[in-house]
Amino acid sequence: MAAVGRAHGQLAVRESGKIDGSFGLRLRRLRLGQALTMQQVAERSGLAASTISKVENNQISPSYENLLRLADGLGVDVAELFNQQSNAMASGRRSVTRRGEGVKHDSPQYDYEMLCADLSKKHFIPLITVIKGRPTGTPPELLRHAGEEFVYVLSGSVDVYTDQYKPLSLTSGDSCYFDSNMGHALVSTSEEEAQVIWVCSRVTAPLSE
């Protein structure tokens, strides 16, 4: 859902959003629990060590793509970044998320609510997402990562930008499935912030490659 290249120096500047004060602490505990330095996590994730430091100190809120990179660098499931009591998926297990009770994470362009965050190693990651971006006259930055994604518009309207197709307009009830390796971004085109169901496949390929 947002892009990631190997030059990450500017990410620390661009990323902001509402800061969850406990997120940085959880990230630091996961790193120290494995006796990893910030530089080691940086090398594994492809993120700058300065960016990781700012996340741990709650100075920036990472985008979804950088959450994937952090999980990859730590060798944990994304769910473990939010819930250290996450349980691995097993036959017959299930998870229920009541309305409004998902794990929330905000970034500059999207506000995410992660559903069923108590289960790790899921084959896909379901999110309720508010699209905050608005058309600015220039195309949005297209970001990419391993995996596949599905978007279903709940309210408002969005344009789906990719690096292989013309912008696609979606309104309430419309949906789109696409390859996450393709550069992509969603922009709200309605007066109100659009809301979508956003489902991402679990990343298995190293994001740092």
# chains A, B, ... in the order shown; residues from 1 in each chain; ligands from 1
call {"tool": "residues_around", "arguments": {"residues": "Ser175 (chain A)", "least_positions_apart": "6", "cutoff": "7 Å", "atoms": "only C-alpha atoms", "output": "mmCIF file with all heavy atoms, in the first residue's frame"}}
result
data_model
loop_
_atom_site.group_PDB
_atom_site.id
_atom_site.type_symbol
_atom_site.label_atom_id
_atom_site.label_comp_id
_atom_site.auth_asym_id
_atom_site.auth_seq_id
_atom_site.Cartn_x
_atom_site.Cartn_y
_atom_site.Cartn_z
ATOM 1 N N VAL A 151 -9.345 -4.788 -2.640
ATOM 2 C CA VAL A 151 -9.953 -3.594 -2.069
ATOM 3 C C VAL A 151 -11.451 -3.582 -2.411
ATOM 4 O O VAL A 151 -11.826 -3.792 -3.570
ATOM 5 C CB VAL A 151 -9.291 -2.312 -2.624
ATOM 6 C CG1 VAL A 151 -10.054 -1.079 -2.169
ATOM 7 C CG2 VAL A 151 -7.842 -2.220 -2.183
ATOM 8 N N TYR A 152 -12.287 -3.351 -1.407
ATOM 9 C CA TYR A 152 -13.741 -3.217 -1.592
ATOM 10 C C TYR A 152 -14.165 -1.897 -0.964
ATOM 11 O O TYR A 152 -13.918 -1.663 0.233
ATOM 12 C CB TYR A 152 -14.471 -4.387 -0.928
ATOM 13 C CG TYR A 152 -15.989 -4.323 -1.051
ATOM 14 C CD1 TYR A 152 -16.635 -4.958 -2.107
ATOM 15 C CD2 TYR A 152 -16.750 -3.616 -0.119
ATOM 16 C CE1 TYR A 152 -18.022 -4.894 -2.220
ATOM 17 C CE2 TYR A 152 -18.129 -3.556 -0.225
ATOM 18 C CZ TYR A 152 -18.764 -4.195 -1.280
ATOM 19 O OH TYR A 152 -20.126 -4.129 -1.398
ATOM 20 N N VAL A 153 -14.790 -1.026 -1.743
ATOM 21 C CA VAL A 153 -15.162 0.301 -1.255
ATOM 22 C C VAL A 153 -16.454 0.226 -0.445
ATOM 23 O O VAL A 153 -17.499 -0.187 -0.952
ATOM 24 C CB VAL A 153 -15.328 1.296 -2.422
ATOM 25 C CG1 VAL A 153 -15.673 2.692 -1.884
ATOM 26 C CG2 VAL A 153 -14.045 1.360 -3.262
#
call {"tool": "atom_distance", "arguments": {"atom1": "CA of Phe23 (chain A)", "atom2": "CA of His123 (chain A)"}}
result
23.3 Å
call {"tool": "residues_around", "arguments": {"residues": "Leu30 (chain A)", "least_positions_apart": "2", "cutoff": "10 Å", "atoms": "only C-alpha atoms", "output": "PyMOL selection string"}}
result
chain A and resi 24-28+32-36+71+74-76+80-81+84
call {"tool": "write_last_selection", "arguments": {"atoms": "N, CA and C atoms", "output": "CSV table (one decimal), in the first residue's frame"}}
result
chain,number,residue,atom,x,y,z
A,24,GLY,N,6.2,1.9,19.7
A,24,GLY,CA,7.6,2.0,19.7
A,24,GLY,C,8.2,1.1,20.8
A,25,LEU,N,7.5,1.1,21.9
A,25,LEU,CA,8.0,0.2,23.0
A,25,LEU,C,7.9,-1.2,22.7
A,26,ARG,N,6.8,-1.6,22.1
A,26,ARG,CA,6.7,-3.0,21.6
A,26,ARG,C,7.8,-3.4,20.6
A,27,LEU,N,8.0,-2.5,19.7
A,27,LEU,CA,9.0,-2.8,18.7
A,27,LEU,C,10.4,-2.9,19.3
A,28,ARG,N,10.7,-2.0,20.3
A,28,ARG,CA,12.0,-2.1,20.9
A,28,ARG,C,12.2,-3.4,21.7
A,32,LEU,N,15.1,-6.1,21.2
A,32,LEU,CA,16.0,-6.4,22.2
A,32,LEU,C,15.8,-7.9,22.7
A,33,GLY,N,14.6,-8.4,22.6
A,33,GLY,CA,14.4,-9.8,22.9
A,33,GLY,C,15.1,-10.8,22.1
A,34,GLN,N,15.5,-10.3,20.9
A,34,GLN,CA,16.3,-11.1,20.0
A,34,GLN,C,17.8,-10.7,19.9
A,35,ALA,N,18.1,-9.8,20.8
A,35,ALA,CA,19.5,-9.3,20.9
A,35,ALA,C,20.0,-8.7,19.6
A,36,LEU,N,19.1,-8.0,18.9
A,36,LEU,CA,19.4,-7.4,17.6
A,36,LEU,C,19.7,-5.9,17.8
A,71,ALA,N,8.5,-6.1,10.4
A,71,ALA,CA,8.2,-7.5,10.8
A,71,ALA,C,9.2,-8.5,10.1
A,74,LEU,N,12.6,-8.3,11.8
A,74,LEU,CA,12.6,-8.9,13.1
A,74,LEU,C,12.2,-10.4,13.0
A,75,GLY,N,11.8,-10.9,11.9
A,75,GLY,CA,11.5,-12.3,11.7
A,75,GLY,C,10.2,-12.7,12.4
A,76,VAL,N,9.2,-11.7,12.5
A,76,VAL,CA,8.0,-12.0,13.2
A,76,VAL,C,6.8,-11.7,12.3
A,80,GLU,N,2.3,-9.6,15.5
A,80,GLU,CA,3.1,-9.5,16.7
A,80,GLU,C,3.6,-8.1,17.0
A,81,LEU,N,3.6,-7.2,16.0
A,81,LEU,CA,4.0,-5.9,16.2
A,81,LEU,C,2.9,-5.1,17.0
A,84,GLN,N,1.5,-8.7,21.3
A,84,GLN,CA,2.5,-9.7,21.7
A,84,GLN,C,2.0,-11.0,22.2
call {"tool": "select_by_dssp", "arguments": {"residues": "region 10-143 of chain A", "states": "helix (DSSP H, G or I)", "output": "MDAnalysis selection string"}}
result
chainID A and resid 11:14 21:33 38:45 49:56 64:74 78:82
call {"tool": "select_by_dssp", "arguments": {"residues": "region 34-118 of chain A", "states": "strand (DSSP E)", "output": "PyMOL selection string"}}
result
chain A and resi 87-88+103-106+110-114
call {"tool": "write_last_selection", "arguments": {"atoms": "C-alpha atoms", "output": "CSV table (one decimal), in the first residue's frame"}}
result
chain,number,residue,atom,x,y,z
A,87,ASN,CA,-1.5,-16.9,18.6
A,88,ALA,CA,-0.4,-18.9,15.6
A,103,VAL,CA,-6.1,-2.7,16.3
A,104,LYS,CA,-5.7,0.8,14.9
A,105,HIS,CA,-2.7,2.3,13.2
A,106,ASP,CA,-2.6,5.7,11.5
A,110,TYR,CA,-4.3,5.9,5.5
A,111,ASP,CA,-5.9,5.1,8.8
A,112,TYR,CA,-5.9,1.3,9.3
A,113,GLU,CA,-7.9,-0.9,11.6
A,114,MET,CA,-6.4,-4.3,11.7
call {"tool": "residues_around", "arguments": {"residues": "region 178-182 of chain A", "least_positions_apart": "2", "cutoff": "6 Å", "atoms": "only C-alpha atoms", "output": "mmCIF file with N, CA and C atoms, in the first residue's frame"}}
result
data_model
loop_
_atom_site.group_PDB
_atom_site.id
_atom_site.type_symbol
_atom_site.label_atom_id
_atom_site.label_comp_id
_atom_site.auth_asym_id
_atom_site.auth_seq_id
_atom_site.Cartn_x
_atom_site.Cartn_y
_atom_site.Cartn_z
ATOM 1 N N ARG A 144 5.314 -0.225 -3.632
ATOM 2 C CA ARG A 144 5.152 -1.643 -3.991
ATOM 3 C C ARG A 144 5.795 -2.547 -2.936
ATOM 4 N N HIS A 145 5.311 -3.768 -2.874
ATOM 5 C CA HIS A 145 5.872 -4.778 -1.979
ATOM 6 C C HIS A 145 5.377 -6.141 -2.437
ATOM 7 N N ALA A 146 5.903 -7.189 -1.871
ATOM 8 C CA ALA A 146 5.501 -8.538 -2.263
ATOM 9 C C ALA A 146 4.055 -8.799 -1.849
ATOM 10 N N GLY A 147 3.353 -9.651 -2.614
ATOM 11 C CA GLY A 147 2.010 -10.063 -2.226
ATOM 12 C C GLY A 147 0.934 -9.679 -3.221
ATOM 13 N N GLU A 148 -0.311 -9.854 -2.811
ATOM 14 C CA GLU A 148 -1.486 -9.490 -3.595
ATOM 15 C C GLU A 148 -2.480 -8.797 -2.680
ATOM 16 N N GLU A 149 -3.382 -7.984 -3.261
ATOM 17 C CA GLU A 149 -4.310 -7.206 -2.449
ATOM 18 C C GLU A 149 -5.705 -7.166 -3.065
#
call {"tool": "atom_distance", "arguments": {"atom1": "CA of Pro62 (chain A)", "atom2": "CA of Val160 (chain A)"}}
result
21.3 Å
call {"tool": "atom_distance", "arguments": {"atom1": "CA of Cys176 (chain A)", "atom2": "CA of Val196 (chain A)"}}
result
10.9 Å
call {"tool": "closest_residue", "arguments": {"among": "A:Ser201, A:Ser22, A:Ser188, A:Gln109", "to": "Asn57 (chain A)", "atoms": "only C-alpha atoms"}}
result
A:Ser22
call {"tool": "residues_around", "arguments": {"residues": "Ser190 (chain A)", "least_positions_apart": "4", "cutoff": "10 Å", "atoms": "only C-alpha atoms", "output": "list in words"}}
result
Arg134, Pro135, Ser155, Gly156, Ser157, Val158, Asp159, Thr171 and Ala194 of chain A
call {"tool": "closest_residue", "arguments": {"among": "A:Gln164, A:Val55, A:Cys116, A:Val78", "to": "Glu101 (chain A)", "atoms": "only C-alpha atoms"}}
result
A:Cys116
call {"tool": "closest_residue", "arguments": {"among": "A:Gly92, A:Gly46, A:Gly102, A:Pro167", "to": "Pro126 (chain A)", "atoms": "only C-alpha atoms"}}
result
A:Gly102
